[in-house]
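Pasted below: upload01.csv, CSV, C-alpha atoms.
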chain,number,residue,atom,x,y,z
N,975,PHE,CA,-111.8,-240.3,-56.9
N,976,LEU,CA,-109.3,-238.2,-58.8
N,977,ALA,CA,-111.0,-234.9,-57.6
N,978,SER,CA,-111.0,-236.1,-54.0
N,979,ALA,CA,-107.3,-237.1,-54.2
N,980,ARG,CA,-106.5,-233.6,-55.6
N,981,ASP,CA,-108.4,-232.0,-52.7
N,982,LEU,CA,-106.5,-234.1,-50.2
N,983,LEU,CA,-103.1,-233.2,-51.8
N,984,LEU,CA,-104.1,-229.5,-51.8
N,985,GLN,CA,-105.0,-229.7,-48.1
N,986,ALA,CA,-101.8,-231.4,-47.3
N,987,THR,CA,-99.8,-228.7,-49.1
N,988,ARG,CA,-101.6,-226.0,-47.2
N,989,CYS,CA,-101.0,-227.8,-43.9
N,990,GLU,CA,-97.3,-228.0,-44.7
N,991,GLN,CA,-97.2,-224.3,-45.6
N,992,ASP,CA,-99.0,-223.4,-42.4
N,993,ALA,CA,-96.6,-225.5,-40.3
N,994,ARG,CA,-93.6,-223.8,-42.0
N,995,GLY,CA,-95.1,-220.4,-41.3
N,996,ILE,CA,-95.7,-221.1,-37.6
N,997,SER,CA,-92.2,-222.6,-37.1
N,998,ALA,CA,-90.7,-219.4,-38.7
N,999,GLN,CA,-92.9,-217.1,-36.6
N,1000,GLN,CA,-94.7,-216.1,-39.8
N,1001,ALA,CA,-98.2,-217.4,-38.8
N,1002,GLY,CA,-100.3,-217.8,-35.7
N,1003,ILE,CA,-102.5,-215.9,-33.3
N,1004,ILE,CA,-101.4,-213.3,-30.6
N,1005,ARG,CA,-103.9,-212.3,-27.9
N,1006,LEU,CA,-102.9,-208.7,-27.1
N,1007,GLY,CA,-104.4,-206.5,-24.4
N,1008,CYS,CA,-104.0,-202.7,-24.4
N,1009,PHE,CA,-104.8,-200.2,-21.7
N,1010,HIS,CA,-108.0,-198.4,-22.9
N,1011,THR,CA,-106.6,-194.9,-23.0
N,1012,LEU,CA,-103.4,-196.0,-24.8
N,1013,ALA,CA,-105.3,-197.8,-27.6
N,1014,PRO,CA,-106.2,-194.8,-29.7
N,1015,PHE,CA,-102.6,-193.6,-29.7
N,1016,TYR,CA,-100.8,-196.8,-30.4
N,1017,LEU,CA,-102.8,-200.0,-31.0
N,1018,ALA,CA,-104.1,-199.6,-34.6
N,1019,ARG,CA,-100.8,-198.3,-35.9
N,1020,LEU,CA,-98.9,-201.2,-34.2
N,1021,VAL,CA,-101.3,-203.8,-35.6
N,1022,ALA,CA,-101.2,-202.4,-39.1
N,1023,ALA,CA,-97.4,-202.2,-39.1
N,1024,HIS,CA,-97.0,-205.7,-37.9
N,1025,ARG,CA,-99.5,-207.0,-40.5
N,1026,GLU,CA,-97.4,-205.5,-43.3
N,1027,VAL,CA,-94.4,-207.6,-42.2
N,1028,TYR,CA,-96.2,-210.7,-40.9
N,1029,PRO,CA,-99.5,-211.0,-42.8
N,1030,GLY,CA,-99.9,-214.6,-41.5
N,1031,VAL,CA,-100.0,-213.5,-37.8
N,1032,LYS,CA,-103.4,-212.5,-36.5
N,1033,ILE,CA,-103.5,-210.1,-33.6
N,1034,GLU,CA,-106.7,-210.4,-31.5
N,1035,SER,CA,-106.7,-207.2,-29.4
N,1036,ALA,CA,-108.8,-206.1,-26.4
N,1037,GLU,CA,-109.0,-202.7,-24.8
N,1038,LEU,CA,-109.1,-203.1,-21.0
N,1039,LEU,CA,-108.6,-201.4,-17.6
N,1040,GLN,CA,-105.4,-202.1,-15.7
N,1041,THR,CA,-107.0,-204.5,-13.3
N,1042,GLU,CA,-108.7,-206.4,-16.2
N,1043,ILE,CA,-105.3,-206.7,-18.0
N,1044,LEU,CA,-103.5,-208.1,-15.0
N,1045,ALA,CA,-106.3,-210.6,-14.3
N,1046,ALA,CA,-106.5,-211.7,-17.9
N,1047,ILE,CA,-102.7,-212.3,-18.1
N,1048,GLU,CA,-102.8,-214.3,-14.8
N,1049,ARG,CA,-105.6,-216.5,-16.1
N,1050,GLY,CA,-103.7,-217.0,-19.4
N,1051,GLU,CA,-106.4,-215.2,-21.5
N,1052,LEU,CA,-103.9,-212.7,-22.9
N,1053,ASP,CA,-100.5,-213.5,-24.3
N,1054,LEU,CA,-99.2,-209.9,-24.0
N,1055,ALA,CA,-100.4,-206.5,-23.0
N,1056,ILE,CA,-99.4,-202.9,-23.5
N,1057,THR,CA,-100.0,-200.7,-20.5
N,1058,TYR,CA,-98.6,-198.1,-18.1
N,1059,ASP,CA,-96.0,-199.2,-15.5
N,1060,MET,CA,-98.4,-198.5,-12.7
N,1061,ALA,CA,-99.5,-200.8,-9.8
N,1062,LEU,CA,-97.6,-203.8,-11.2
N,1063,ASP,CA,-96.5,-206.7,-9.1
N,1064,PRO,CA,-92.9,-207.5,-10.2
N,1065,GLY,CA,-93.4,-211.2,-9.3
N,1066,ALA,CA,-96.7,-211.5,-11.3
N,1067,VAL,CA,-95.6,-210.1,-14.7
N,1068,GLU,CA,-92.5,-209.6,-16.8
N,1069,ARG,CA,-92.1,-206.1,-18.2
N,1070,CYS,CA,-90.4,-204.8,-21.4
N,1071,VAL,CA,-90.2,-201.0,-21.4
N,1072,LEU,CA,-91.3,-199.6,-24.8
N,1073,THR,CA,-91.1,-195.9,-24.2
N,1074,ARG,CA,-91.2,-193.3,-21.4
N,1075,LEU,CA,-93.6,-190.4,-21.3
N,1076,HIS,CA,-93.0,-187.1,-19.6
N,1077,PRO,CA,-96.1,-185.6,-17.9
N,1078,PHE,CA,-97.2,-182.1,-18.9
N,1079,LEU,CA,-99.9,-179.5,-18.0
N,1080,LEU,CA,-103.1,-178.8,-19.8
N,1081,LEU,CA,-104.5,-175.3,-19.5
N,1082,PRO,CA,-107.4,-173.4,-21.0
N,1083,ALA,CA,-106.1,-171.5,-24.0
N,1084,ASP,CA,-106.9,-168.2,-22.4
N,1085,HIS,CA,-105.2,-168.9,-19.1
N,1086,HIS,CA,-102.8,-166.2,-18.1
N,1087,LEU,CA,-99.9,-168.8,-18.0
N,1088,ALA,CA,-100.9,-170.6,-21.2
N,1089,THR,CA,-98.2,-168.9,-23.3
N,1090,ARG,CA,-95.3,-169.9,-21.0
N,1091,ALA,CA,-92.9,-172.6,-22.1
N,1092,SER,CA,-92.9,-174.2,-18.6
N,1093,ILE,CA,-94.6,-173.7,-15.3
N,1094,GLU,CA,-93.8,-174.8,-11.8
N,1095,LEU,CA,-96.7,-176.7,-10.2
N,1096,THR,CA,-96.7,-174.4,-7.2
N,1097,GLU,CA,-97.7,-171.5,-9.5
N,1098,LEU,CA,-101.0,-173.3,-10.0
N,1099,ALA,CA,-101.5,-174.3,-6.3
N,1100,HIS,CA,-104.8,-172.4,-5.9
N,1101,ASP,CA,-106.2,-173.1,-9.3
N,1102,PRO,CA,-109.0,-175.7,-9.6
N,1103,PHE,CA,-107.9,-179.1,-11.0
N,1104,VAL,CA,-109.5,-181.4,-13.5
N,1105,MET,CA,-108.8,-185.0,-12.6
N,1106,PHE,CA,-108.6,-187.9,-15.0
N,1107,ASP,CA,-110.2,-190.4,-12.6
N,1108,GLY,CA,-108.9,-193.8,-13.8
N,1109,PRO,CA,-108.3,-196.4,-11.0
N,1110,SER,CA,-104.5,-196.2,-11.3
N,1111,SER,CA,-104.2,-192.8,-13.1
N,1112,ARG,CA,-105.7,-190.8,-10.2
N,1113,ALA,CA,-103.1,-192.1,-7.7
N,1114,TYR,CA,-100.3,-191.3,-10.2
N,1115,PHE,CA,-101.5,-187.7,-10.8
N,1116,GLU,CA,-102.2,-187.1,-7.1
N,1117,GLY,CA,-98.6,-188.3,-6.4
N,1118,ILE,CA,-97.2,-185.6,-8.8
N,1119,LEU,CA,-99.2,-182.9,-7.1
N,1120,SER,CA,-98.3,-184.1,-3.7
N,1121,SER,CA,-94.6,-184.2,-4.5
N,1122,ALA,CA,-94.9,-180.5,-5.3
N,1123,GLY,CA,-96.6,-179.9,-1.9
N,1124,ILE,CA,-99.9,-178.9,-3.3
N,1125,GLU,CA,-103.5,-180.2,-3.1
N,1126,PRO,CA,-105.6,-178.2,-5.5
N,1127,PRO,CA,-109.4,-178.3,-5.3
N,1128,ILE,CA,-110.9,-180.8,-7.8
N,1129,ALA,CA,-113.5,-179.0,-9.9
N,1130,PHE,CA,-114.2,-181.8,-12.3
N,1131,ALA,CA,-113.4,-185.5,-12.6
N,1132,SER,CA,-113.9,-187.9,-15.5
N,1133,LYS,CA,-112.8,-191.4,-16.7
N,1134,SER,CA,-112.6,-190.0,-20.2
N,1135,LEU,CA,-109.6,-188.2,-21.6
N,1136,GLU,CA,-111.7,-186.3,-24.0
N,1137,SER,CA,-114.0,-185.1,-21.2
N,1138,VAL,CA,-111.0,-184.0,-19.2
N,1139,ARG,CA,-109.8,-182.0,-22.3
N,1140,SER,CA,-113.2,-180.5,-22.7
N,1141,ALA,CA,-113.4,-179.5,-19.0
N,1142,VAL,CA,-110.1,-177.8,-19.3
N,1143,ALA,CA,-111.0,-176.1,-22.5
N,1144,ASN,CA,-114.1,-174.7,-20.9
N,1145,GLY,CA,-112.2,-173.1,-18.1
N,1146,LEU,CA,-113.1,-175.5,-15.2
N,1147,GLY,CA,-109.4,-175.9,-14.3
N,1148,TYR,CA,-106.1,-177.2,-15.3
N,1149,SER,CA,-105.0,-180.8,-15.6
N,1150,LEU,CA,-102.1,-183.2,-16.0
N,1151,GLY,CA,-101.5,-185.5,-18.9
N,1152,VAL,CA,-99.0,-188.0,-20.3
N,1153,MET,CA,-100.5,-188.7,-23.8
N,1154,ARG,CA,-99.8,-185.8,-26.1
N,1155,ASN,CA,-102.4,-184.8,-28.7
N,1156,ASP,CA,-101.1,-182.5,-31.4
N,1157,HIS,CA,-104.6,-181.2,-32.0
N,1158,PRO,CA,-105.2,-178.1,-29.7
N,1159,GLY,CA,-109.0,-178.5,-29.6
N,1160,SER,CA,-111.5,-180.5,-27.6
N,1161,CYS,CA,-114.5,-182.3,-28.9
N,1162,ASP,CA,-116.8,-179.3,-28.4
N,1163,GLY,CA,-114.5,-177.0,-30.4
N,1164,ARG,CA,-112.8,-175.2,-27.5
N,1165,ARG,CA,-109.0,-174.9,-27.3
N,1166,VAL,CA,-106.5,-176.1,-24.7
N,1167,ALA,CA,-102.8,-175.2,-24.3
N,1168,THR,CA,-100.0,-177.8,-23.5
N,1169,VAL,CA,-97.3,-176.5,-21.2
N,1170,GLU,CA,-94.2,-178.3,-19.9
N,1171,ILE,CA,-93.8,-178.9,-16.1
N,1172,ALA,CA,-90.7,-177.0,-14.8
N,1173,ASP,CA,-90.4,-179.3,-11.7
N,1174,ALA,CA,-88.4,-182.5,-11.9
N,1175,VAL,CA,-91.1,-185.2,-12.4
N,1176,ASP,CA,-90.3,-188.9,-13.1
N,1177,PRO,CA,-91.4,-190.1,-16.5
N,1178,LEU,CA,-94.1,-192.8,-16.8
N,1179,ALA,CA,-93.1,-195.9,-18.7
N,1180,ILE,CA,-95.3,-197.8,-21.2
N,1181,VAL,CA,-94.5,-201.5,-21.0
N,1182,LEU,CA,-95.3,-204.7,-22.7
N,1183,LEU,CA,-96.4,-207.3,-20.1
N,1184,ARG,CA,-96.4,-211.1,-20.1
N,1185,ARG,CA,-96.6,-213.9,-17.6
N,1186,PRO,CA,-93.2,-215.0,-16.1
N,1187,SER,CA,-92.1,-218.1,-18.0
N,1188,THR,CA,-88.8,-219.8,-18.9
N,1189,LEU,CA,-90.5,-221.2,-22.0
N,1190,TYR,CA,-92.1,-218.8,-24.4
N,1191,PRO,CA,-93.4,-219.3,-27.9
N,1192,ALA,CA,-91.1,-217.9,-30.6
N,1193,ILE,CA,-93.9,-216.0,-32.2
N,1194,LEU,CA,-94.3,-213.9,-29.0
N,1195,GLU,CA,-90.6,-213.3,-28.7
N,1196,GLN,CA,-90.6,-212.1,-32.3
N,1197,PHE,CA,-93.6,-209.7,-31.5
N,1198,THR,CA,-91.9,-208.4,-28.4
N,1199,GLY,CA,-88.8,-207.4,-30.5
N,1200,PHE,CA,-91.1,-205.9,-33.1
N,1201,CYS,CA,-92.9,-203.8,-30.5
N,1202,ARG,CA,-89.6,-202.5,-29.2
N,1203,ASP,CA,-88.4,-201.5,-32.6
N,1204,HIS,CA,-91.8,-200.0,-33.5
N,1205,PHE,CA,-91.8,-197.7,-30.5
N,1206,VAL,CA,-88.1,-196.7,-31.0
N,1207,ALA,CA,-88.9,-195.7,-34.6
N,1208,ARG,CA,-91.9,-193.6,-33.5
N,1209,GLN,CA,-89.6,-191.6,-31.2
N,1210,ALA,CA,-87.0,-191.0,-33.9

Using the file provided, produce a representation of the structure as structure tokens.
Amino acid sequence: FLASARDLLLQATRCEQDARGISAQQAGIIRLGCFHTLAPFYLARLVAAHREVYPGVKIESAELLQTEILAAIERGELDLAITYDMALDPGAVERCVLTRLHPFLLLPADHHLATRASIELTELAHDPFVMFDGPSSRAYFEGILSSAGIEPPIAFASKSLESVRSAVANGLGYSLGVMRNDHPGSCDGRRVATVEIADAVDPLAIVLLRRPSTLYPAILEQFTGFCRDHFVARQA
């Protein structure tokens, strides 16, 4: 009987500690979605940094396409999601801007313009183009080219960022990107060059999404603030 009583007291103490942690936003579960091409650049570092400060909060993450993210938020299967500010219905989701990315050019390392600091898009009007063929990404990149009045021939298209880099590195054409990779190589060992766009091109925002609500759990408000601070610190 004494052993059972001690077990009950221990369980009660643990329940009280858990309740205190939850009320102080120190414990709980956050269901976080992330656009699949953003995940390698941001997700693991964000989760690790949050775990150091809030070890009692478990983040259950999922890497998804944009349409999958929006559907999961609408169904209540995700609490929050990190994605691009593309094809979003303002009435369906709330957005918190985390950072803004400036598009750039990817060229084969031996391209005659690869050593330039910046290039106007019209200078590449007749060069073949390598398209990152994501559902929302394609429309975004086509919009940038169209705003410059060019429609280059598409020599290669892929839903993989690494395949796009490899195609550029192997001389199939140039491409546009928003996620910067400090490594100059592709998976097959060839090299690419990153060059700035001389034209005025609007940046692309990365946002934290959630369902519109007047009542929101404190743990998610805390995580939203943590994400803002985390992205600001990365830019510093």

Next item on the list: For atom CA of Ile1047 of chain N and atom CA of Ala1066 of chain N, determine how far apart the two atoms are, in Å to one decimal place.
Entry: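 About the pair atom CA of Ile1047 of chain N and atom CA of Ala1066 of chain N: they are 9.1 Å apart.
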
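Distance-wise, atom CA of Leu1012 of chain N and atom CA of Thr1057 of chain N end up 7.2 Å apart.
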
Closest atom pairs, segment 1011-1090 of chain N residues within 10 Å of segment 1142-1148 of chain N, all atoms listed in the file, as JSON lines:
{"residue": "N:Leu1079", "atom": "CA", "partner": "N:Tyr1148", "partner_atom": "CA", "distance": 7.1}
{"residue": "N:Leu1080", "atom": "CA", "partner": "N:Tyr1148", "partner_atom": "CA", "distance": 5.6}
{"residue": "N:Leu1081", "atom": "CA", "partner": "N:Tyr1148", "partner_atom": "CA", "distance": 4.9}
{"residue": "N:Pro1082", "atom": "CA", "partner": "N:Ala1143", "partner_atom": "CA", "distance": 4.7}
{"residue": "N:Ala1083", "atom": "CA", "partner": "N:Ala1143", "partner_atom": "CA", "distance": 6.9}
{"residue": "N:Asp1084", "atom": "CA", "partner": "N:Gly1145", "partner_atom": "CA", "distance": 8.4}
{"residue": "N:His1085", "atom": "CA", "partner": "N:Gly1145", "partner_atom": "CA", "distance": 8.2}

Margin query: For a quick check of understanding, using only C-alpha atoms, which of N:Leu1183, N:Ile1118, N:Leu1189, N:Ala1131 has the smallest distance to Ala1055 of chain N?
Written below: N:Leu1183

Check: Suppose you want the space between atom CA of Arg1112 of chain N and atom CA of Ile1056 of chain N; what is it in Å?
Finding: 19.1 Å

Notebook entry, point to check: Smallest atom-to-atom distance to Val1206 of chain N: which of N:Ser1121, N:Thr1089, N:Ser1110, N:Thr1073, using only C-alpha atoms?
Noted result: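 Checking each candidate against Val1206 of chain N, we get N:Thr1073 as the closest.
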
Margin query: Using only C-alpha atoms for the distances, tell me which of N:Phe1078, N:Phe975, N:Phe1106, N:Tyr1016 is nearest to Ser1092 of chain N.
Written below: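 The shortest atom-to-atom distance to Ser1092 of chain N comes from N:Phe1078.
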
Next item on the list: Quick one: residues within 10 Å of (-109.9, -185.8, -21.0) (file frame), counting only C-alpha atoms, please, as a PyMOL selection string.
Entry: chain N and resi 1011+1080+1104-1107+1131-1143+1149-1151+1160-1161

Extract, using all atoms listed in the file, all DNA, RNA and protein residues at most 10 Å from Leu1054 of chain N, discarding same-chain residues fewer than 3 positions from it, and format them as a PDB file with C-alpha atoms, keeping the file's coordinate frame.
ATOM      1  CA  ILE N1004    -101.400-213.300 -30.600  1.00  0.00           C
ATOM      2  CA  ARG N1005    -103.900-212.300 -27.900  1.00  0.00           C
ATOM      3  CA  LEU N1006    -102.900-208.700 -27.100  1.00  0.00           C
ATOM      4  CA  GLY N1007    -104.400-206.500 -24.400  1.00  0.00           C
ATOM      5  CA  CYS N1008    -104.000-202.700 -24.400  1.00  0.00           C
ATOM      6  CA  SER N1035    -106.700-207.200 -29.400  1.00  0.00           C
ATOM      7  CA  ILE N1043    -105.300-206.700 -18.000  1.00  0.00           C
ATOM      8  CA  ALA N1046    -106.500-211.700 -17.900  1.00  0.00           C
ATOM      9  CA  ILE N1047    -102.700-212.300 -18.100  1.00  0.00           C
ATOM     10  CA  GLY N1050    -103.700-217.000 -19.400  1.00  0.00           C
ATOM     11  CA  GLU N1051    -106.400-215.200 -21.500  1.00  0.00           C
ATOM     12  CA  THR N1057    -100.000-200.700 -20.500  1.00  0.00           C
ATOM     13  CA  VAL N1067     -95.600-210.100 -14.700  1.00  0.00           C
ATOM     14  CA  GLU N1068     -92.500-209.600 -16.800  1.00  0.00           C
ATOM     15  CA  ARG N1069     -92.100-206.100 -18.200  1.00  0.00           C
ATOM     16  CA  LEU N1182     -95.300-204.700 -22.700  1.00  0.00           C
ATOM     17  CA  LEU N1183     -96.400-207.300 -20.100  1.00  0.00           C
ATOM     18  CA  ARG N1184     -96.400-211.100 -20.100  1.00  0.00           C
ATOM     19  CA  ARG N1185     -96.600-213.900 -17.600  1.00  0.00           C
ATOM     20  CA  LEU N1194     -94.300-213.900 -29.000  1.00  0.00           C
ATOM     21  CA  PHE N1197     -93.600-209.700 -31.500  1.00  0.00           C
ATOM     22  CA  THR N1198     -91.900-208.400 -28.400  1.00  0.00           C
TER      23      THR N1198
END

Notebook entry, point to check: Do you know which residues lie at most 10 Å from (-94.6, -174.0, -10.6), with coordinates as in the file and all atoms listed in the file counted, and could you write them as a ChimeraX atom specification?
Noted result: /N:1092-1099,1122,1171-1173

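When only C-alpha atoms are used to measure the gap to Thr1168 of chain N, the shortest distance among N:Arg1090, N:His1204, N:His1100, N:Lys1032 belongs to N:Arg1090.
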
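Between Met1060 of chain N and the candidates N:Pro1127, N:Val1181, N:Glu1042, N:Phe1200, the tightest atom-to-atom separation, counting all atoms listed in the file, involves N:Val1181.
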
Check: Which one of N:Ala1045, N:Ala1113, N:Leu976, N:Ala1001 sits closest to Val1027 of chain N if you count only C-alpha atoms?
Finding: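 For Val1027 of chain N, the nearest of the candidates is N:Ala1001.
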
Starting from the incomplete input, reconstruct all heavy atoms of segment 1084-1095 of chain N and write that as a JSON list (two decimals), in the coordinates of the input.
[["chain", "number", "residue", "atom", "x", "y", "z"],
["N", 1084, "ASP", "N", -106.98, -169.57, -22.82],
["N", 1084, "ASP", "CA", -106.90, -168.20, -22.40],
["N", 1084, "ASP", "C", -106.39, -167.99, -20.97],
["N", 1084, "ASP", "O", -106.48, -166.90, -20.39],
["N", 1084, "ASP", "CB", -108.34, -167.54, -22.49],
["N", 1084, "ASP", "CG", -109.38, -168.27, -21.64],
["N", 1084, "ASP", "OD1", -109.02, -169.32, -21.03],
["N", 1084, "ASP", "OD2", -110.53, -167.82, -21.59],
["N", 1085, "HIS", "N", -105.82, -169.05, -20.40],
["N", 1085, "HIS", "CA", -105.20, -168.90, -19.10],
["N", 1085, "HIS", "C", -104.03, -167.99, -19.12],
["N", 1085, "HIS", "O", -103.29, -167.95, -20.12],
["N", 1085, "HIS", "CB", -104.77, -170.33, -18.59],
["N", 1085, "HIS", "CG", -104.42, -170.39, -17.13],
["N", 1085, "HIS", "ND1", -103.21, -169.97, -16.65],
["N", 1085, "HIS", "CD2", -105.12, -170.85, -16.06],
["N", 1085, "HIS", "CE1", -103.17, -170.15, -15.34],
["N", 1085, "HIS", "NE2", -104.32, -170.68, -14.96],
["N", 1086, "HIS", "N", -103.80, -167.22, -18.05],
["N", 1086, "HIS", "CA", -102.80, -166.20, -18.10],
["N", 1086, "HIS", "C", -101.34, -166.79, -18.15],
["N", 1086, "HIS", "O", -100.39, -166.07, -18.46],
["N", 1086, "HIS", "CB", -102.87, -165.27, -16.85],
["N", 1086, "HIS", "CG", -102.55, -165.93, -15.54],
["N", 1086, "HIS", "ND1", -103.43, -166.78, -14.90],
["N", 1086, "HIS", "CD2", -101.44, -165.86, -14.76],
["N", 1086, "HIS", "CE1", -102.89, -167.18, -13.77],
["N", 1086, "HIS", "NE2", -101.68, -166.66, -13.66],
["N", 1087, "LEU", "N", -101.19, -168.11, -17.89],
["N", 1087, "LEU", "CA", -99.90, -168.80, -18.00],
["N", 1087, "LEU", "C", -99.78, -169.65, -19.24],
["N", 1087, "LEU", "O", -98.77, -170.32, -19.42],
["N", 1087, "LEU", "CB", -99.62, -169.61, -16.75],
["N", 1087, "LEU", "CG", -99.54, -168.87, -15.40],
["N", 1087, "LEU", "CD1", -99.36, -169.87, -14.26],
["N", 1087, "LEU", "CD2", -98.43, -167.84, -15.41],
["N", 1088, "ALA", "N", -100.79, -169.64, -20.08],
["N", 1088, "ALA", "CA", -100.90, -170.60, -21.20],
["N", 1088, "ALA", "C", -99.77, -170.38, -22.24],
["N", 1088, "ALA", "O", -99.43, -171.31, -22.98],
["N", 1088, "ALA", "CB", -102.23, -170.52, -21.86],
["N", 1089, "THR", "N", -99.22, -169.19, -22.31],
["N", 1089, "THR", "CA", -98.20, -168.90, -23.30],
["N", 1089, "THR", "C", -96.77, -169.20, -22.83],
["N", 1089, "THR", "O", -95.81, -169.08, -23.59],
["N", 1089, "THR", "CB", -98.27, -167.46, -23.81],
["N", 1089, "THR", "OG1", -98.12, -166.59, -22.69],
["N", 1089, "THR", "CG2", -99.61, -167.20, -24.49],
["N", 1090, "ARG", "N", -96.65, -169.60, -21.58],
["N", 1090, "ARG", "CA", -95.30, -169.90, -21.00],
["N", 1090, "ARG", "C", -94.80, -171.21, -21.58],
["N", 1090, "ARG", "O", -95.56, -172.12, -21.92],
["N", 1090, "ARG", "CB", -95.44, -170.00, -19.49],
["N", 1090, "ARG", "CG", -95.73, -168.68, -18.80],
["N", 1090, "ARG", "CD", -94.48, -168.06, -18.24],
["N", 1090, "ARG", "NE", -93.90, -168.91, -17.21],
["N", 1090, "ARG", "CZ", -94.24, -168.84, -15.90],
["N", 1090, "ARG", "NH1", -95.14, -167.96, -15.49],
["N", 1090, "ARG", "NH2", -93.66, -169.64, -15.04],
["N", 1091, "ALA", "N", -93.47, -171.33, -21.65],
["N", 1091, "ALA", "CA", -92.90, -172.60, -22.10],
["N", 1091, "ALA", "C", -92.92, -173.65, -21.03],
["N", 1091, "ALA", "O", -93.08, -174.84, -21.32],
["N", 1091, "ALA", "CB", -91.41, -172.33, -22.52],
["N", 1092, "SER", "N", -92.81, -173.23, -19.76],
["N", 1092, "SER", "CA", -92.90, -174.20, -18.60],
["N", 1092, "SER", "C", -93.42, -173.46, -17.41],
["N", 1092, "SER", "O", -93.32, -172.23, -17.29],
["N", 1092, "SER", "CB", -91.51, -174.78, -18.35],
["N", 1092, "SER", "OG", -90.60, -173.79, -17.92],
["N", 1093, "ILE", "N", -93.99, -174.26, -16.50],
["N", 1093, "ILE", "CA", -94.60, -173.70, -15.30],
["N", 1093, "ILE", "C", -94.26, -174.60, -14.11],
["N", 1093, "ILE", "O", -94.29, -175.83, -14.22],
["N", 1093, "ILE", "CB", -96.16, -173.64, -15.44],
["N", 1093, "ILE", "CG1", -96.57, -172.76, -16.62],
["N", 1093, "ILE", "CG2", -96.81, -173.14, -14.16],
["N", 1093, "ILE", "CD1", -98.06, -172.84, -16.93],
["N", 1094, "GLU", "N", -93.95, -173.99, -12.98],
["N", 1094, "GLU", "CA", -93.80, -174.80, -11.80],
["N", 1094, "GLU", "C", -95.19, -175.05, -11.19],
["N", 1094, "GLU", "O", -96.08, -174.20, -11.23],
["N", 1094, "GLU", "CB", -92.96, -173.99, -10.74],
["N", 1094, "GLU", "CG", -91.51, -173.83, -11.14],
["N", 1094, "GLU", "CD", -90.68, -173.19, -10.05],
["N", 1094, "GLU", "OE1", -91.24, -172.90, -8.97],
["N", 1094, "GLU", "OE2", -89.47, -173.00, -10.27],
["N", 1095, "LEU", "N", -95.35, -176.25, -10.66],
["N", 1095, "LEU", "CA", -96.70, -176.70, -10.20],
["N", 1095, "LEU", "C", -97.20, -175.76, -9.07],
["N", 1095, "LEU", "O", -98.41, -175.55, -8.95],
["N", 1095, "LEU", "CB", -96.62, -178.12, -9.71],
["N", 1095, "LEU", "CG", -96.42, -179.16, -10.82],
["N", 1095, "LEU", "CD1", -96.15, -180.53, -10.22],
["N", 1095, "LEU", "CD2", -97.65, -179.21, -11.71]]
